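**Q** Mind looking over this structure? Questions follow.
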Amino acid sequence: MKRLAGQIEDFVDKLPKREVYGSVTKILGLLVEIAGFGDDLAIGDLVFLRPKNGRNVPCEVVGFRDEQALLMPFGTLEGVGLGCKAFIQAREPSILPSEAWLGRVINGMAEPIDGKGNLFHGPVAVPLRNKPPPPHSRQRMGAQLDLGVRAVNTFLATCQGQRMGIFSGSGVGKSVLLSMMARYTNADVSVIGLIGERGREVQEFLEDDLGADGLARSVVVVATGDEPALMRRQAAYTTLALAEYFRDQGKNVLCLMDSLTRFAMAQREIGLSAGEPPTSKGYPPTTFGELARLLERAGPGEQGAGNITGLFSVLVEGDDHNEPISDAVRGIVDGHIVMERKIADRGRYPAINILKSVSRALPAVLTDEQNTILRQTKKIVTIYEDMEELIRLGAYRHGSDPAVDEAISIYPQIEEFLAQNKDDNTSIEQSFIKLAHTIGYPYGAL
């Protein structure tokens, strides 16, 4: 009872001491202008519109123009008209997560959408737009994190607290790859953000890809593609806020987000509606700043805290890996996993191009023997792919080059190693043993 009384007292203390309101003066599309608020509003504040039907419409302040505040809604504007009252929430937007949220599916406003009842709120509020830990007080990246995927565990070793981008066109298999990592990782907790996801695929992801065991130690945040831009962006903020909560509990957190591109598209809609000038491919300048602020929140925590290992998918438009969002994300994260359509077209999943992918944890995180295995394997793949056209046309004559002959004989086994069914879980050690056997290296003999 004392604990409950303390939580109630803390909640009451956080309630606004006075109610400030304005009124709607203009509505243009999804942009609402209000006046009469004095100096009580700032960018990012939450405002509730109260139309005559009594339904509260949550909105966020996205800008100011001619002494009017510009709002965008988290839902529809049905019933909202001129003169409608707008009530200002005078506290920083935040959530109150707890351990009881594990196994739950919520929306961007941290409301349950899985039909399992209300969420139990914790005593500590986590701001949705939290700041990353100060650079000088952050820990270094930890040991290698087992993600259960052979290609990643070997060629793209990922450390605790590392941030990796997964770059892929549509339909190449990035969502399945993310689900394999969420299911098989040895991280303490997974926080999964499905940003702009197809509504039809959410239940399939939860039941078929993530599974009951994966969901039990995960929190899933969902904002489908038909929801307003603010809700899609809010889901990304909620995902990172949840990851920060578990990190501060001393846990190793795996934060998965699919996808950063849809977050950037939502920010583009918001920025253009607020009057920002379009720049590269129509993205306003704030889009790239918001990407950096979001991604910097992942990574190692301060001394004594846990860490957030971030895996963020990027939906590459038109299979152009140099389009603006891909280019910006590559410059922020600590490595990139490149998935290619031509690899998927020949039936090899996950369709990871190991020569174009990079992990900045390498080579330091692996042993000398493991690095030797990777170098030899990449050399074989490089030789084969350089000669692939001649081999396919029959222009290469066997015996002309011993290195090419070796590559021709071993390359199919390497392709078999890289292919992995989504129900197959391979540990780090098993991955290296299998890869060494594939290229004929005496692993562990030294």
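Quick note on naming: the chains in the structure tokens go A, B, ... in the order shown, residues restart at 1 in each chain, and ligands are numbered from 1 in order of appearance.
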What are the nearest atom pairs, with distances in Å to one decimal, for all residues of region 38-101 of chain A that come at most 6 Å from region 23-29 of chain A, using only C-alpha atoms, set out by chain and rising residue number as JSON lines?
**A**
```
{"residue": "A:Leu82", "atom": "CA", "partner": "A:Val24", "partner_atom": "CA", "distance": 5.2}
{"residue": "A:Gly83", "atom": "CA", "partner": "A:Val24", "partner_atom": "CA", "distance": 4.9}
{"residue": "A:Cys84", "atom": "CA", "partner": "A:Val24", "partner_atom": "CA", "distance": 5.2}
{"residue": "A:Lys85", "atom": "CA", "partner": "A:Ser23", "partner_atom": "CA", "distance": 4.6}
{"residue": "A:Ala86", "atom": "CA", "partner": "A:Ser23", "partner_atom": "CA", "distance": 5.3}
```
**Q** Can you pull out the residues contacting region 248-250 of chain A? Cut-off 8 Å, using only C-alpha atoms, and skip same-chain residues under 2 positions away; I want them as a list in words.
**A**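 Contacts, with the query itself left out: Glu244, Tyr245, Phe246, Asn252, Gly301, Gly304, Ala305, Gly306 and Asn307 of chain A.
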**Q** At most 12 Å is the cut-off: for each residue in region 38-81 of chain A with any atom that close to an atom of region 257-272 of chain A, write down the nearest atom pair and the distance in Å rounded to one decimal, counting only C-alpha atoms, chain first then increasing number, as CSV.
**A**
```
residue,atom,partner,partner_atom,distance
A:Gly44,CA,A:Ile270,CA,11.9
A:Glu60,CA,A:Ile270,CA,10.4
A:Val61,CA,A:Ile270,CA,10.4
A:Val62,CA,A:Ile270,CA,7.4
A:Gly63,CA,A:Gly271,CA,9.0
A:Leu70,CA,A:Ile270,CA,10.6
A:Leu71,CA,A:Ile270,CA,9.7
A:Met72,CA,A:Ile270,CA,7.7
A:Pro73,CA,A:Ile270,CA,10.4
A:Phe74,CA,A:Ile270,CA,11.5
```
**Q** Go through A:Ile337, A:Leu374, A:Ala292, A:Ile383 one by one, measure the shortest atom-to-atom distance of each to Ala436 (chain A) using only C-alpha atoms, and give the residue with the smallest value.
**A** A:Leu374
**Q** Could you tell me which of A:Tyr184, A:Phe87, A:Phe120, A:Phe167 comes closest to Asp146 (chain A) if we count only C-alpha atoms?
**A**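 Among the listed residues, the smallest separation from Asp146 (chain A) belongs to A:Tyr184.
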**Q** What parts of region 100-145 of chain A does DSSP call strand (DSSP E)? I'd like the answer as a ChimeraX atom specification.
**A** /A:105-106,126-127
**Q** Could you write out the selected residues, including N, CA, C and O atoms, as a PDB file, in the first residue's frame?
**A**
```
ATOM      1  N   VAL A 105       2.118  -5.308 -26.649  1.00  0.00           N
ATOM      2  CA  VAL A 105       2.157  -4.567 -27.908  1.00  0.00           C
ATOM      3  C   VAL A 105       1.430  -3.259 -27.684  1.00  0.00           C
ATOM      4  O   VAL A 105       0.270  -3.246 -27.242  1.00  0.00           O
ATOM      5  N   ILE A 106       2.110  -2.146 -27.968  1.00  0.00           N
ATOM      6  CA  ILE A 106       1.538  -0.822 -27.697  1.00  0.00           C
ATOM      7  C   ILE A 106       1.633   0.048 -28.938  1.00  0.00           C
ATOM      8  O   ILE A 106       2.322  -0.278 -29.898  1.00  0.00           O
ATOM      9  N   VAL A 126       9.971   8.597 -18.207  1.00  0.00           N
ATOM     10  CA  VAL A 126      11.055   8.664 -19.187  1.00  0.00           C
ATOM     11  C   VAL A 126      10.633   9.615 -20.299  1.00  0.00           C
ATOM     12  O   VAL A 126       9.643   9.355 -20.987  1.00  0.00           O
ATOM     13  N   PRO A 127      11.334  10.729 -20.502  1.00  0.00           N
ATOM     14  CA  PRO A 127      10.953  11.669 -21.560  1.00  0.00           C
ATOM     15  C   PRO A 127      11.012  11.016 -22.937  1.00  0.00           C
ATOM     16  O   PRO A 127      11.930  10.236 -23.232  1.00  0.00           O
TER      17      PRO A 127
END
```
**Q** Just checking: using only C-alpha atoms, which residue out of A:Arg104, A:Arg138, A:Arg55, A:Lys174 ends up closest to Ala344 (chain A)?
**A** A:Lys174
**Q** Tell me which protein, DNA and RNA residues are within 12 Å of region 64-66 of chain A, counting only C-alpha atoms, leaving out same-chain ones fewer than 4 positions away, and put them as a ChimeraX atom specification.
**A** /A:26,31-35,37,39,41-44,60,70-72,273-276
**Q** Might you pull out every residue within 9 Å of region 311-321 of chain A, with only C-alpha atoms counted and same-chain residues fewer than 6 positions away left off, and present them as a PyMOL selection string?
**A** chain A and resi 162-170+174-175+178+254-262+295+327+329+338+340-341
